$ cat input36.cif   # mmCIF, C-alpha atoms
data_target
loop_
_atom_site.label_atom_id
_atom_site.label_comp_id
_atom_site.auth_asym_id
_atom_site.auth_seq_id
_atom_site.Cartn_x
_atom_site.Cartn_y
_atom_site.Cartn_z
CA MET V 1 82.74 59.66 159.48
CA ASN V 2 81.47 57.80 156.36
CA MET V 3 82.63 58.54 152.81
CA GLN V 4 79.59 60.70 152.06
CA GLY V 5 80.28 62.77 155.17
CA VAL V 6 83.94 63.18 154.20
CA LEU V 7 83.01 64.42 150.70
CA TYR V 8 80.46 66.84 152.17
CA LYS V 9 83.06 68.14 154.63
CA ARG V 10 85.54 68.74 151.82
CA ARG V 11 82.95 70.65 149.76
CA GLU V 12 82.03 72.64 152.84
CA ASP V 13 85.68 73.62 153.35
CA THR V 14 86.34 74.57 149.71
CA ILE V 15 84.78 78.06 149.71
CA PRO V 16 86.40 79.14 152.99
CA ILE V 17 89.79 77.94 151.73
CA MET V 18 89.28 79.89 148.48
CA ILE V 19 88.50 83.03 150.49
CA ILE V 20 91.61 82.53 152.61
CA GLY V 21 93.55 82.00 149.36
CA LEU V 22 92.38 85.42 148.17
CA MET V 23 93.54 86.88 151.48
CA PHE V 24 96.98 85.32 151.08
CA PHE V 25 97.14 86.84 147.60
CA ILE V 26 96.43 90.26 149.11
CA PHE V 27 99.05 89.60 151.81
CA GLY V 28 101.57 88.93 149.06
CA MET V 29 100.71 92.07 147.09
CA VAL V 30 101.12 94.26 150.17
CA THR V 31 104.14 92.47 151.64
CA TRP V 32 106.47 91.77 148.73
CA ILE V 33 106.10 95.26 147.28
CA ASN V 34 108.76 96.13 149.87
CA ALA V 35 111.32 94.41 147.63
CA ILE V 36 111.13 97.36 145.25
CA LEU V 37 110.14 100.03 147.79
CA ILE V 38 113.49 99.57 149.57
CA PRO V 39 115.72 100.45 146.58
CA TYR V 40 113.17 103.01 145.34
CA PHE V 41 113.12 104.91 148.64
CA LYS V 42 116.89 104.53 148.88
CA ILE V 43 117.19 106.55 145.67
CA GLY V 44 114.26 108.94 146.13
CA CYS V 45 114.87 109.75 149.82
CA GLU V 46 118.70 109.53 149.59
CA LEU V 47 119.22 106.76 152.15
CA ASN V 48 122.05 104.39 153.08
CA ASN V 49 121.48 100.61 153.33
CA PHE V 50 120.57 100.68 157.02
CA GLN V 51 118.07 103.52 156.55
CA SER V 52 116.48 101.86 153.51
CA TYR V 53 115.85 98.64 155.48
CA LEU V 54 113.79 100.65 157.94
CA VAL V 55 111.05 99.94 155.37
CA ALA V 56 111.09 96.29 156.40
CA PHE V 57 111.57 97.20 160.07
CA ALA V 58 108.60 99.56 160.22
CA PHE V 59 106.38 97.12 158.34
CA TYR V 60 107.19 93.98 160.31
CA ILE V 61 107.81 95.33 163.80
CA ALA V 62 104.04 95.87 163.84
CA TYR V 63 103.69 92.09 164.18
CA LEU V 64 105.53 92.22 167.50
CA VAL V 65 103.28 95.04 168.70
CA MET V 66 99.98 93.67 167.41
CA SER V 67 100.16 89.88 167.44
CA LEU V 68 98.92 89.17 170.98
CA PRO V 69 96.37 92.04 170.91
CA ALA V 70 95.18 90.57 167.59
CA GLY V 71 94.39 87.29 169.33
CA TYR V 72 92.33 89.07 171.97
CA LEU V 73 90.61 91.19 169.29
CA LEU V 74 89.58 88.08 167.34
CA LYS V 75 88.32 86.47 170.52
CA LYS V 76 86.17 89.52 171.28
CA THR V 77 84.88 90.34 167.79
CA GLY V 78 84.98 86.96 166.05
CA PHE V 79 87.12 86.13 163.04
CA ARG V 80 85.14 87.82 160.25
CA LYS V 81 84.62 91.16 161.99
CA GLY V 82 88.21 91.11 163.23
CA MET V 83 89.52 90.57 159.69
CA MET V 84 87.36 93.45 158.45
CA ILE V 85 89.02 95.67 161.05
CA GLY V 86 92.41 94.38 159.89
CA PHE V 87 91.69 95.33 156.27
CA TRP V 88 90.48 98.77 157.31
CA ILE V 89 93.63 99.40 159.37
CA MET V 90 95.68 98.43 156.33
CA ALA V 91 93.62 100.84 154.19
CA SER V 92 94.42 103.69 156.58
CA GLY V 93 98.12 102.81 156.36
CA THR V 94 98.20 102.87 152.56
CA LEU V 95 96.30 106.17 152.67
CA LEU V 96 99.21 107.70 154.63
CA PHE V 97 101.32 107.23 151.50
CA VAL V 98 99.37 110.06 149.88
CA PRO V 99 100.60 112.89 152.16
CA ALA V 100 103.97 111.14 152.50
CA GLY V 101 104.41 111.12 148.72
CA ILE V 102 103.31 114.73 148.34
CA THR V 103 105.81 115.93 150.97
CA ARG V 104 108.56 113.31 150.39
CA ALA V 105 108.48 112.58 154.12
CA TYR V 106 110.27 109.27 154.76
CA PRO V 107 109.12 109.08 158.43
CA LEU V 108 105.50 109.36 157.26
CA PHE V 109 106.09 106.53 154.79
CA LEU V 110 107.41 104.46 157.68
CA ALA V 111 104.32 105.33 159.74
CA GLY V 112 102.15 104.15 156.86
CA LEU V 113 104.09 100.89 156.58
CA PHE V 114 103.80 100.33 160.34
CA THR V 115 100.03 100.85 160.16
CA ILE V 116 99.75 98.41 157.24
CA GLY V 117 101.70 95.90 159.32
CA LEU V 118 99.28 96.31 162.25
CA GLY V 119 96.33 95.38 160.04
CA LEU V 120 98.21 92.54 158.41
CA ALA V 121 99.11 91.08 161.83
CA ILE V 122 95.38 90.76 162.59
CA LEU V 123 94.73 89.08 159.25
CA GLN V 124 97.66 86.67 159.59
CA THR V 125 96.56 85.73 163.11
CA ALA V 126 93.13 84.83 161.75
CA ALA V 127 94.04 83.25 158.41
CA ASN V 128 96.72 80.74 159.43
CA PRO V 129 94.56 78.84 161.96
CA TYR V 130 91.90 78.45 159.27
CA ILE V 131 94.40 76.67 157.02
CA THR V 132 95.52 74.45 159.90
CA ILE V 133 91.98 73.52 160.98
CA LEU V 134 90.07 73.31 157.68
CA GLY V 135 90.91 69.80 156.52
CA ASP V 136 92.98 66.79 157.51
CA LYS V 137 95.91 67.50 159.82
CA GLU V 138 98.39 65.45 157.76
CA ARG V 139 97.56 67.53 154.67
CA ALA V 140 98.06 70.89 156.38
CA ALA V 141 101.38 71.40 154.57
CA GLN V 142 99.56 70.93 151.24
CA ARG V 143 97.04 73.64 152.14
CA PHE V 144 99.82 75.95 153.33
CA SER V 145 101.60 75.31 150.02
CA ILE V 146 98.49 76.38 148.10
CA MET V 147 98.28 79.52 150.24
CA GLY V 148 101.99 80.07 149.65
CA ILE V 149 101.47 79.91 145.89
CA CYS V 150 98.76 82.57 146.21
CA ASN V 151 101.07 84.69 148.35
CA LYS V 152 104.20 84.33 146.22
CA ALA V 153 102.34 84.68 142.91
CA ALA V 154 101.16 88.05 144.19
CA GLY V 155 104.74 88.71 145.25
CA ILE V 156 105.93 88.10 141.69
CA LEU V 157 103.30 90.45 140.29
CA ALA V 158 103.57 93.20 142.91
CA PRO V 159 107.09 94.54 142.12
CA LEU V 160 106.43 94.27 138.39
CA LEU V 161 103.09 96.12 138.61
CA PHE V 162 104.65 98.71 140.90
CA ALA V 163 107.49 99.18 138.43
CA VAL V 164 105.01 99.64 135.58
CA ALA V 165 103.11 102.22 137.64
CA ILE V 166 106.05 104.35 138.79
CA ILE V 167 109.18 103.55 136.74
CA ARG V 168 109.66 105.46 133.49
CA PRO V 169 111.79 104.36 130.47
CA GLY V 170 114.41 107.07 131.09
CA ASP V 171 114.79 106.39 134.82
CA GLN V 172 117.96 104.31 134.47
CA THR V 173 119.78 107.34 133.10
CA LEU V 174 118.18 109.52 135.77
CA PHE V 175 119.32 107.19 138.57
CA ARG V 176 122.86 107.32 137.19
CA GLU V 177 122.90 111.13 137.04
CA LEU V 178 121.22 111.85 140.38
CA PRO V 179 124.34 111.51 142.62
CA ALA V 180 126.06 114.27 140.63
CA MET V 181 123.11 116.67 140.84
CA GLN V 182 122.86 119.38 143.48
CA GLY V 183 120.56 122.07 144.79
CA GLN V 184 117.02 122.87 143.77
CA GLU V 185 117.11 120.90 140.52
CA LYS V 186 117.83 117.69 142.42
CA GLU V 187 115.13 118.38 145.02
CA VAL V 188 112.50 118.93 142.32
CA ILE V 189 113.41 115.69 140.54
CA LEU V 190 113.36 113.69 143.79
CA ASP V 191 109.98 115.20 144.73
CA GLN V 192 108.54 114.19 141.37
CA LEU V 193 110.04 110.71 141.69
CA ILE V 194 108.47 110.02 145.09
CA GLN V 195 105.11 111.59 144.18
CA ARG V 196 104.58 108.77 141.69
CA VAL V 197 103.44 106.52 144.57
CA VAL V 198 100.46 108.75 145.49
CA VAL V 199 97.87 107.55 142.96
CA PRO V 200 98.67 103.79 143.17
CA TYR V 201 98.42 103.77 146.96
CA ALA V 202 95.24 105.84 146.98
CA VAL V 203 93.67 103.16 144.76
CA VAL V 204 94.98 100.40 147.03
CA SER V 205 93.34 102.11 150.03
CA VAL V 206 89.92 101.95 148.39
CA VAL V 207 90.43 98.30 147.40
CA LEU V 208 91.43 97.28 150.93
CA PHE V 209 88.41 99.06 152.43
CA LEU V 210 86.05 97.20 150.08
CA LEU V 211 87.79 93.88 150.79
CA GLY V 212 87.13 94.42 154.49
CA LEU V 213 83.40 94.68 153.78
CA LEU V 214 83.56 91.60 151.55
CA ILE V 215 85.20 89.48 154.25
CA ARG V 216 82.76 90.69 156.92
CA PHE V 217 79.79 89.31 154.97
CA SER V 218 81.55 86.26 153.51
CA PRO V 219 80.56 82.63 154.31
CA LEU V 220 83.72 82.05 156.36
CA PRO V 221 82.82 79.98 159.43
CA GLU V 222 83.57 81.18 162.94
CA ILE V 223 86.04 78.84 164.62
CA ASP V 224 85.29 78.13 168.27
CA THR V 225 88.42 76.78 169.89
CA ASP V 226 87.63 77.92 173.42
CA THR V 227 85.69 74.78 174.28
CA GLU V 228 88.05 72.27 172.64
CA PRO V 229 90.02 69.99 174.99
CA THR V 230 93.75 70.51 175.21
CA ALA V 231 95.87 67.43 174.57
CA THR V 232 99.47 67.51 175.77
CA ALA V 233 102.27 65.13 176.54
CA VAL V 234 101.25 65.32 180.22
CA PRO V 235 97.47 64.76 180.12
CA GLN V 236 96.97 64.79 183.87
CA GLU V 237 98.17 68.41 184.04
CA ARG V 238 96.01 71.11 182.48
CA PRO V 239 98.18 73.86 180.93
CA LYS V 240 97.48 77.36 182.18
CA SER V 241 99.63 79.27 179.68
CA ILE V 242 100.88 78.94 176.11
CA LEU V 243 104.40 79.20 177.53
CA GLU V 244 103.94 75.65 178.83
CA PHE V 245 104.11 74.37 175.22
CA PRO V 246 107.82 74.31 174.31
CA HIS V 247 107.16 73.14 170.75
CA LEU V 248 105.03 76.28 170.28
CA VAL V 249 107.44 78.74 171.91
CA LEU V 250 110.44 77.33 170.05
CA GLY V 251 108.29 77.28 166.90
CA ALA V 252 107.72 81.04 167.26
CA VAL V 253 111.50 81.50 167.39
CA ALA V 254 111.75 79.33 164.26
CA ILE V 255 109.21 81.57 162.53
CA PHE V 256 111.35 84.58 163.57
CA PHE V 257 114.45 83.18 161.84
CA HIS V 258 112.56 81.79 158.85
CA VAL V 259 110.70 84.93 157.86
CA GLY V 260 113.71 87.15 158.49
CA SER V 261 115.93 85.05 156.25
CA GLN V 262 113.19 84.89 153.60
CA VAL V 263 112.74 88.66 153.51
CA ILE V 264 116.50 89.23 153.34
CA ALA V 265 116.66 86.96 150.28
CA VAL V 266 113.82 88.75 148.48
CA ASP V 267 114.27 92.36 149.59
CA SER V 268 118.06 92.56 149.25
CA ILE V 269 118.55 90.93 145.88
CA ILE V 270 117.91 94.06 143.76
CA ASN V 271 120.58 96.07 145.59
CA TYR V 272 122.96 93.09 145.61
CA ALA V 273 122.55 92.38 141.89
CA SER V 274 123.01 96.11 141.21
CA SER V 275 126.25 96.04 143.21
CA MET V 276 127.45 93.37 140.77
CA GLY V 277 127.10 95.86 137.92
CA MET V 278 123.57 94.97 136.83
CA PRO V 279 121.32 97.95 135.86
CA PHE V 280 118.45 98.65 138.27
CA LEU V 281 115.81 98.09 135.58
CA GLU V 282 117.27 94.62 134.93
CA ALA V 283 117.77 93.78 138.61
CA LYS V 284 114.14 94.53 139.49
CA ILE V 285 113.07 91.14 138.06
CA PHE V 286 115.15 89.13 140.55
CA PRO V 287 112.67 89.22 143.48
CA SER V 288 110.23 87.59 141.07
CA TYR V 289 112.79 84.87 140.28
CA THR V 290 113.27 84.21 143.99
CA LEU V 291 109.53 83.97 144.60
CA ALA V 292 109.12 81.78 141.50
CA ALA V 293 111.65 79.39 143.04
CA THR V 294 109.51 79.37 146.18
CA ILE V 295 106.41 78.56 144.15
CA THR V 296 108.30 75.67 142.53
CA GLY V 297 108.90 74.28 146.02
CA TYR V 298 105.23 74.73 146.90
CA ILE V 299 104.14 72.81 143.80
CA LEU V 300 106.49 69.96 144.63
CA GLY V 301 105.09 69.98 148.18
CA ILE V 302 101.54 69.67 146.88
CA LEU V 303 102.52 66.76 144.61
CA LEU V 304 104.70 64.88 147.08
CA ILE V 305 103.13 65.49 150.53
CA PRO V 306 101.97 63.27 152.19
CA ARG V 307 101.98 60.47 149.60
CA PHE V 308 105.75 60.34 148.99
CA LEU V 309 107.11 62.69 151.61
CA SER V 310 106.01 63.72 155.10
CA GLN V 311 105.74 67.44 155.84
CA LEU V 312 108.40 66.96 158.54
CA THR V 313 110.85 65.44 156.04
CA ALA V 314 110.18 68.30 153.62
CA LEU V 315 110.89 70.79 156.43
CA ARG V 316 114.18 69.08 157.21
CA ILE V 317 115.28 69.03 153.55
CA CYS V 318 114.51 72.72 153.11
CA THR V 319 116.33 73.84 156.25
CA VAL V 320 119.48 71.96 155.21
CA LEU V 321 119.29 73.42 151.68
CA GLY V 322 118.87 76.90 153.19
CA LEU V 323 122.11 76.52 155.17
CA LEU V 324 123.93 75.18 152.10
CA PHE V 325 122.90 78.05 149.78
CA SER V 326 123.59 80.63 152.52
CA CYS V 327 127.16 79.32 152.87
CA MET V 328 127.66 79.59 149.12
CA ILE V 329 126.68 83.29 148.82
CA PRO V 330 129.77 84.76 150.56
CA PHE V 331 132.26 82.10 149.46
CA VAL V 332 131.39 81.10 145.86
CA GLN V 333 132.18 83.54 143.04
CA GLY V 334 132.16 83.62 139.25
CA LYS V 335 130.02 85.04 136.45
CA VAL V 336 127.40 82.77 134.89
CA PRO V 337 124.98 83.41 131.99
CA LEU V 338 121.43 82.33 132.81
CA LEU V 339 117.92 83.42 131.70
CA GLY V 340 119.40 86.24 129.64
CA HIS V 341 121.44 87.64 132.56
CA HIS V 342 125.20 87.54 133.06
CA THR V 343 125.90 87.97 136.75
CA ASP V 344 127.71 86.45 139.73
CA VAL V 345 126.71 82.94 140.78
CA SER V 346 126.03 84.22 144.31
CA VAL V 347 123.00 86.12 142.94
CA TRP V 348 121.53 82.79 141.80
CA CYS V 349 122.28 81.28 145.21
CA ILE V 350 120.00 83.96 146.69
CA VAL V 351 117.36 83.02 144.12
CA LEU V 352 117.68 79.37 145.18
CA LEU V 353 117.04 80.39 148.79
CA GLY V 354 113.49 80.95 147.56
CA PHE V 355 113.23 77.21 146.90
CA ALA V 356 114.79 76.34 150.25
CA ASN V 357 112.32 78.59 152.07
CA SER V 358 109.27 77.10 150.37
CA MET V 359 108.25 74.36 152.82
CA ILE V 360 109.59 75.84 156.06
CA TRP V 361 106.56 77.98 156.95
CA ALA V 362 104.21 75.15 155.94
CA GLY V 363 106.20 72.73 158.09
CA ILE V 364 106.48 74.86 161.22
CA TRP V 365 102.84 75.94 161.62
CA PRO V 366 101.19 72.49 161.94
CA LEU V 367 103.97 71.26 164.22
CA ALA V 368 103.85 74.32 166.47
CA LEU V 369 100.02 74.38 166.73
CA ASP V 370 99.77 70.63 167.38
CA HIS V 371 97.70 69.72 170.48
CA LEU V 372 97.01 73.31 171.55
CA GLY V 373 93.21 72.96 171.68
CA ARG V 374 91.69 75.99 173.40
CA PHE V 375 95.05 77.79 173.21
CA ILE V 376 95.13 77.77 169.42
CA LYS V 377 94.13 81.45 168.92
CA THR V 378 96.73 82.69 171.40
CA GLY V 379 99.24 80.20 170.01
CA ALA V 380 98.67 81.55 166.51
CA SER V 381 99.21 85.06 167.89
CA LEU V 382 102.54 83.98 169.35
CA LEU V 383 103.62 82.50 166.01
CA VAL V 384 102.57 85.64 164.16
CA MET V 385 104.63 87.61 166.68
CA GLY V 386 107.61 85.71 165.30
CA LEU V 387 107.09 87.65 162.06
CA CYS V 388 108.94 90.53 163.71
CA GLY V 389 112.01 88.66 162.43
CA ASN V 390 111.15 90.35 159.14
CA ALA V 391 111.82 93.66 160.90
CA ILE V 392 114.95 92.90 162.87
CA LEU V 393 117.04 90.61 160.66
CA PRO V 394 116.91 92.76 157.46
CA LEU V 395 117.94 95.75 159.58
CA LEU V 396 120.88 93.75 160.91
CA TYR V 397 121.72 92.77 157.34
CA GLY V 398 121.59 96.44 156.28
CA TYR V 399 123.92 97.46 159.13
CA TRP V 400 126.45 94.78 158.19
CA ALA V 401 126.11 95.69 154.51
CA ASP V 402 127.13 99.29 155.26
CA LYS V 403 129.98 98.16 157.50
CA TYR V 404 131.39 95.06 155.78
CA GLY V 405 129.82 94.96 152.31
CA LEU V 406 126.70 93.43 150.79
CA ARG V 407 128.20 89.99 150.16
CA ILE V 408 129.65 89.45 153.65
CA ALA V 409 126.39 90.67 155.23
CA TYR V 410 124.70 87.45 154.06
CA LEU V 411 126.57 85.64 156.85
CA VAL V 412 123.62 86.72 159.03
CA LEU V 413 121.68 83.88 157.38
CA LEU V 414 123.88 81.11 158.80
CA PRO V 415 122.59 81.15 162.42
CA CYS V 416 119.04 81.50 161.06
CA TYR V 417 119.16 78.22 159.17
CA GLY V 418 121.21 76.62 161.95
CA TYR V 419 118.33 77.20 164.37
CA LEU V 420 115.75 76.04 161.84
CA ILE V 421 117.65 72.75 161.48
CA PHE V 422 117.59 72.43 165.30
CA TYR V 423 113.81 72.89 165.35
CA ALA V 424 113.16 70.54 162.41
CA PHE V 425 115.26 67.70 163.80
CA TYR V 426 114.65 68.06 167.53
CA ALA V 427 112.75 70.94 169.11
CA PHE V 428 109.44 70.36 167.30
CA GLY V 429 108.92 67.21 169.40
CA LEU V 430 109.28 68.78 172.84
CA ARG V 431 106.02 68.53 174.78
CA SER V 432 107.43 69.55 178.15
CA TRP V 433 110.34 71.71 179.27
CA ASN V 434 111.44 68.75 181.41
CA ARG V 435 111.00 65.89 179.00
CA LYS V 436 110.28 65.30 175.31
CA THR V 437 107.80 63.37 173.25
CA ILE V 438 108.66 63.00 169.58
CA ASN V 439 105.65 62.78 167.25
CA GLU V 440 106.85 61.96 163.75
#

$ encode --input "input36.cif" --output "structure tokens"
Amino acid sequence: MNMQGVLYKRREDTIPIMIIGLMFFIFGMVTWINAILIPYFKIGCELNNFQSYLVAFAFYIAYLVMSLPAGYLLKKTGFRKGMMIGFWIMASGTLLFVPAGITRAYPLFLAGLFTIGLGLAILQTAANPYITILGDKERAAQRFSIMGICNKAAGILAPLLFAVAIIRPGDQTLFRELPAMQGQEKEVILDQLIQRVVVPYAVVSVVLFLLGLLIRFSPLPEIDTDTEPTATAVPQERPKSILEFPHLVLGAVAIFFHVGSQVIAVDSIINYASSMGMPFLEAKIFPSYTLAATITGYILGILLIPRFLSQLTALRICTVLGLLFSCMIPFVQGKVPLLGHHTDVSVWCIVLLGFANSMIWAGIWPLALDHLGRFIKTGASLLVMGLCGNAILPLLYGYWADKYGLRIAYLVLLPCYGYLIFYAFYAFGLRSWNRKTINE
């Protein structure tokens, strides 16, 4: 392709990438709101740690249920119509928050979160292949970093906007007095507290419905991967199943551990900082710090990859940093003043996990989808299925937190980053279950 053709191709890809960027922003708004929903429901619905992390479980287990069906849906309907359906399913899930808030029914909240997750699984299955395919392969990590900035910027805003919408100036005193209250007075106050979510989520439902229509009639191209040849390490054998691609299957497991560890870092930090004596209204800013650290990593990725650093090297650095910071949380103690806060150093180690997590998703996706050809839609579905790690690992963390304490529960992160190191240094290169081909 000549230079003029390359420039035209880049201009042609710009609008679709901007649309996908908007989608990743919406993903972030809907996803990272859980960081404040978990402690909020814990107070308003009187839950223990394990029960409160059912928020993450209900939301993300939908990926396990919907990921493969999402691939078949997109194949049948096309990408744009399928994404419209995904937005509309999400809208129906947020609408369930209205009756759930009116009745203070925690199971109905969980049903709403599960429904939102179903729609989001469809959107993630469609959006990530676009970022992999639209543009040069060696710059895929850059594009994922840009999408990550959109996602995490929304994640910084979401808890803060939610707090503005539902948290009142006198709530810190109310939260302190609630455990001592009893009877009808307490029930009335809890009802009023939970009902604050009704109006914000009703508005979100309308917005998601309209976004579905917008995407349906957008200029996003349809991606036809069914006729593309499949290149593998054994070219004379034509793969019949995605399970014949070990770098994909093991990549889905890597996604499982990555997203689970990332959600634990973001969604647990308010409760953990509060356990260190920090007021709730002060602790609510810490998910934003963690996501800001992730954005810092994305920006460095954009500046350094691929000119100074390969996306594989960035993946390896981040996985090692993740293991290092995870080891420090349970074993390093001491109060430090920073950014106007005076809290335990382990809280800042959790914040730094945001930086360590920044280039892992962007590193895994291109490696796992490499040489899939006509299997790329189903392969993307399998990777999205790995997002159920967001459901299972935070629940395991919550169980350990109730049993052994919040600090010790972070030991669950160690095997997560251990596996990610294994994938980054070895498993990504497997092209056959019987032999390996390393593509660096």

$ closest_residue --input "input36.cif" --among "V:Thr173, V:Ile255, V:Gly354, V:Tyr419" --to "Leu367 (chain V)" --atoms "all atoms listed in the file"
V:Ile255

$ closest_residue --input "input36.cif" --among "V:Leu250, V:Gly21, V:Ala126, V:Leu211" --to "Arg431 (chain V)" --atoms "only C-alpha atoms"
V:Leu250

$ closest_atom_pairs --input "input36.cif" --of "region 163-224 of chain V" --to "region 109-120 of chain V" --cutoff "12 Å" --atoms "only C-alpha atoms" --output "Markdown table"
| residue | atom | partner | partner_atom | distance |
| --- | --- | --- | --- | --- |
| V:Ile194 | CA | V:Phe109 | CA | 10.6 |
| V:Gln195 | CA | V:Phe109 | CA | 11.8 |
| V:Val197 | CA | V:Phe109 | CA | 10.6 |
| V:Val198 | CA | V:Phe109 | CA | 11.1 |
| V:Tyr201 | CA | V:Gly112 | CA | 10.6 |
| V:Val204 | CA | V:Ile116 | CA | 11.4 |
| V:Ser205 | CA | V:Ile116 | CA | 10.3 |
| V:Leu208 | CA | V:Ile116 | CA | 10.5 |
| V:Phe209 | CA | V:Gly119 | CA | 11.6 |
| V:Gly212 | CA | V:Gly119 | CA | 10.8 |

$ resolve_selection --input "input36.cif" --expression "the PyMOL selection byres ((chain V and resi 148) around 8)" --output "NGL selection string"
:V and (24 or 144-147 or 149-152 or 295 or 298 or 358)

$ write_last_selection --input "input36.cif" --atoms "C-alpha atoms" --output "tab-separated table (two decimals), in the coordinates of the input"
chain	number	residue	atom	x	y	z
V	24	PHE	CA	96.98	85.32	151.08
V	144	PHE	CA	99.82	75.95	153.33
V	145	SER	CA	101.60	75.31	150.02
V	146	ILE	CA	98.49	76.38	148.10
V	147	MET	CA	98.28	79.52	150.24
V	149	ILE	CA	101.47	79.91	145.89
V	150	CYS	CA	98.76	82.57	146.21
V	151	ASN	CA	101.07	84.69	148.35
V	152	LYS	CA	104.20	84.33	146.22
V	295	ILE	CA	106.41	78.56	144.15
V	298	TYR	CA	105.23	74.73	146.90
V	358	SER	CA	109.27	77.10	150.37

$ resolve_selection --input "input36.cif" --expression "the PyMOL selection byres ((chain V and resi 160-165) around 8)" --output "VMD selection string"
chain V and resid 33 36 156 to 159 166 to 168 196 200 284 to 285

$ write_last_selection --input "input36.cif" --atoms "C-alpha atoms" --output "short mmCIF file (atom, residue, chain, number, x, y, z; two decimals), keeping the file's coordinate frame"
data_model
loop_
_atom_site.label_atom_id
_atom_site.label_comp_id
_atom_site.auth_asym_id
_atom_site.auth_seq_id
_atom_site.Cartn_x
_atom_site.Cartn_y
_atom_site.Cartn_z
CA ILE V 33 106.10 95.26 147.28
CA ILE V 36 111.13 97.36 145.25
CA ILE V 156 105.93 88.10 141.69
CA LEU V 157 103.30 90.45 140.29
CA ALA V 158 103.57 93.20 142.91
CA PRO V 159 107.09 94.54 142.12
CA ILE V 166 106.05 104.35 138.79
CA ILE V 167 109.18 103.55 136.74
CA ARG V 168 109.66 105.46 133.49
CA ARG V 196 104.58 108.77 141.69
CA PRO V 200 98.67 103.79 143.17
CA LYS V 284 114.14 94.53 139.49
CA ILE V 285 113.07 91.14 138.06
#

$ closest_residue --input "input36.cif" --among "V:Leu248, V:Leu393, V:Leu174, V:Leu323" --to "Ile264 (chain V)" --atoms "all atoms listed in the file"
V:Leu393

$ closest_residue --input "input36.cif" --among "V:Leu220, V:Cys45, V:Val206, V:Leu352" --to "Tyr130 (chain V)" --atoms "only C-alpha atoms"
V:Leu220

$ resolve_selection --input "input36.cif" --expression "the PyMOL selection byres ((chain V and resi 406) around 10)" --output "PDB file with C-alpha atoms, keeping the file's coordinate frame"
ATOM      1  CA  ASN V  49     121.480 100.610 153.330  1.00  0.00           C
ATOM      2  CA  SER V 268     118.060  92.560 149.250  1.00  0.00           C
ATOM      3  CA  ILE V 269     118.550  90.930 145.880  1.00  0.00           C
ATOM      4  CA  ASN V 271     120.580  96.070 145.590  1.00  0.00           C
ATOM      5  CA  TYR V 272     122.960  93.090 145.610  1.00  0.00           C
ATOM      6  CA  ALA V 273     122.550  92.380 141.890  1.00  0.00           C
ATOM      7  CA  SER V 275     126.250  96.040 143.210  1.00  0.00           C
ATOM      8  CA  PRO V 330     129.770  84.760 150.560  1.00  0.00           C
ATOM      9  CA  TYR V 397     121.720  92.770 157.340  1.00  0.00           C
ATOM     10  CA  GLY V 398     121.590  96.440 156.280  1.00  0.00           C
ATOM     11  CA  TYR V 399     123.920  97.460 159.130  1.00  0.00           C
ATOM     12  CA  TRP V 400     126.450  94.780 158.190  1.00  0.00           C
ATOM     13  CA  ALA V 401     126.110  95.690 154.510  1.00  0.00           C
ATOM     14  CA  ASP V 402     127.130  99.290 155.260  1.00  0.00           C
ATOM     15  CA  LYS V 403     129.980  98.160 157.500  1.00  0.00           C
ATOM     16  CA  TYR V 404     131.390  95.060 155.780  1.00  0.00           C
ATOM     17  CA  GLY V 405     129.820  94.960 152.310  1.00  0.00           C
ATOM     18  CA  ARG V 407     128.200  89.990 150.160  1.00  0.00           C
ATOM     19  CA  ILE V 408     129.650  89.450 153.650  1.00  0.00           C
ATOM     20  CA  ALA V 409     126.390  90.670 155.230  1.00  0.00           C
ATOM     21  CA  TYR V 410     124.700  87.450 154.060  1.00  0.00           C
ATOM     22  CA  LEU V 411     126.570  85.640 156.850  1.00  0.00           C
TER      23      LEU V 411
END

$ atom_distance --input "input36.cif" --atom1 "CA of Ser326 (chain V)" --atom2 "CA of Leu414 (chain V)"
6.3 Å

$ residues_near_point --input "input36.cif" --point "(111.5, 91.8, 162.4)" --cutoff "7 Å" --atoms "all atoms listed in the file" --output "list of chain:residue names"
V:Phe57, V:Tyr60, V:Ile61, V:Gly260, V:Leu387, V:Cys388, V:Gly389, V:Asn390, V:Ala391, V:Ile392, V:Leu393

$ atom_distance --input "input36.cif" --atom1 "CA of Ile317 (chain V)" --atom2 "CA of Tyr289 (chain V)"
20.8 Å

$ decode --input "input36.cif" --residues "region 400-411 of chain V" --atoms "C-alpha atoms" --output "PDB file, in the first residue's frame"
ATOM      1  CA  TRP V 400     -11.501 -14.284  52.998  1.00  0.00           C
ATOM      2  CA  ALA V 401     -12.042 -10.733  54.255  1.00  0.00           C
ATOM      3  CA  ASP V 402     -14.868 -11.919  56.527  1.00  0.00           C
ATOM      4  CA  LYS V 403     -12.845 -14.907  57.712  1.00  0.00           C
ATOM      5  CA  TYR V 404      -9.272 -13.610  57.987  1.00  0.00           C
ATOM      6  CA  GLY V 405      -9.486  -9.821  57.685  1.00  0.00           C
ATOM      7  CA  LEU V 406      -9.351  -7.312  54.842  1.00  0.00           C
ATOM      8  CA  ARG V 407      -5.551  -7.063  54.707  1.00  0.00           C
ATOM      9  CA  ILE V 408      -4.826 -10.815  54.606  1.00  0.00           C
ATOM     10  CA  ALA V 409      -7.538 -11.302  51.966  1.00  0.00           C
ATOM     11  CA  TYR V 410      -5.310  -9.520  49.429  1.00  0.00           C
ATOM     12  CA  LEU V 411      -3.189 -12.692  49.309  1.00  0.00           C
TER      13      LEU V 411
END
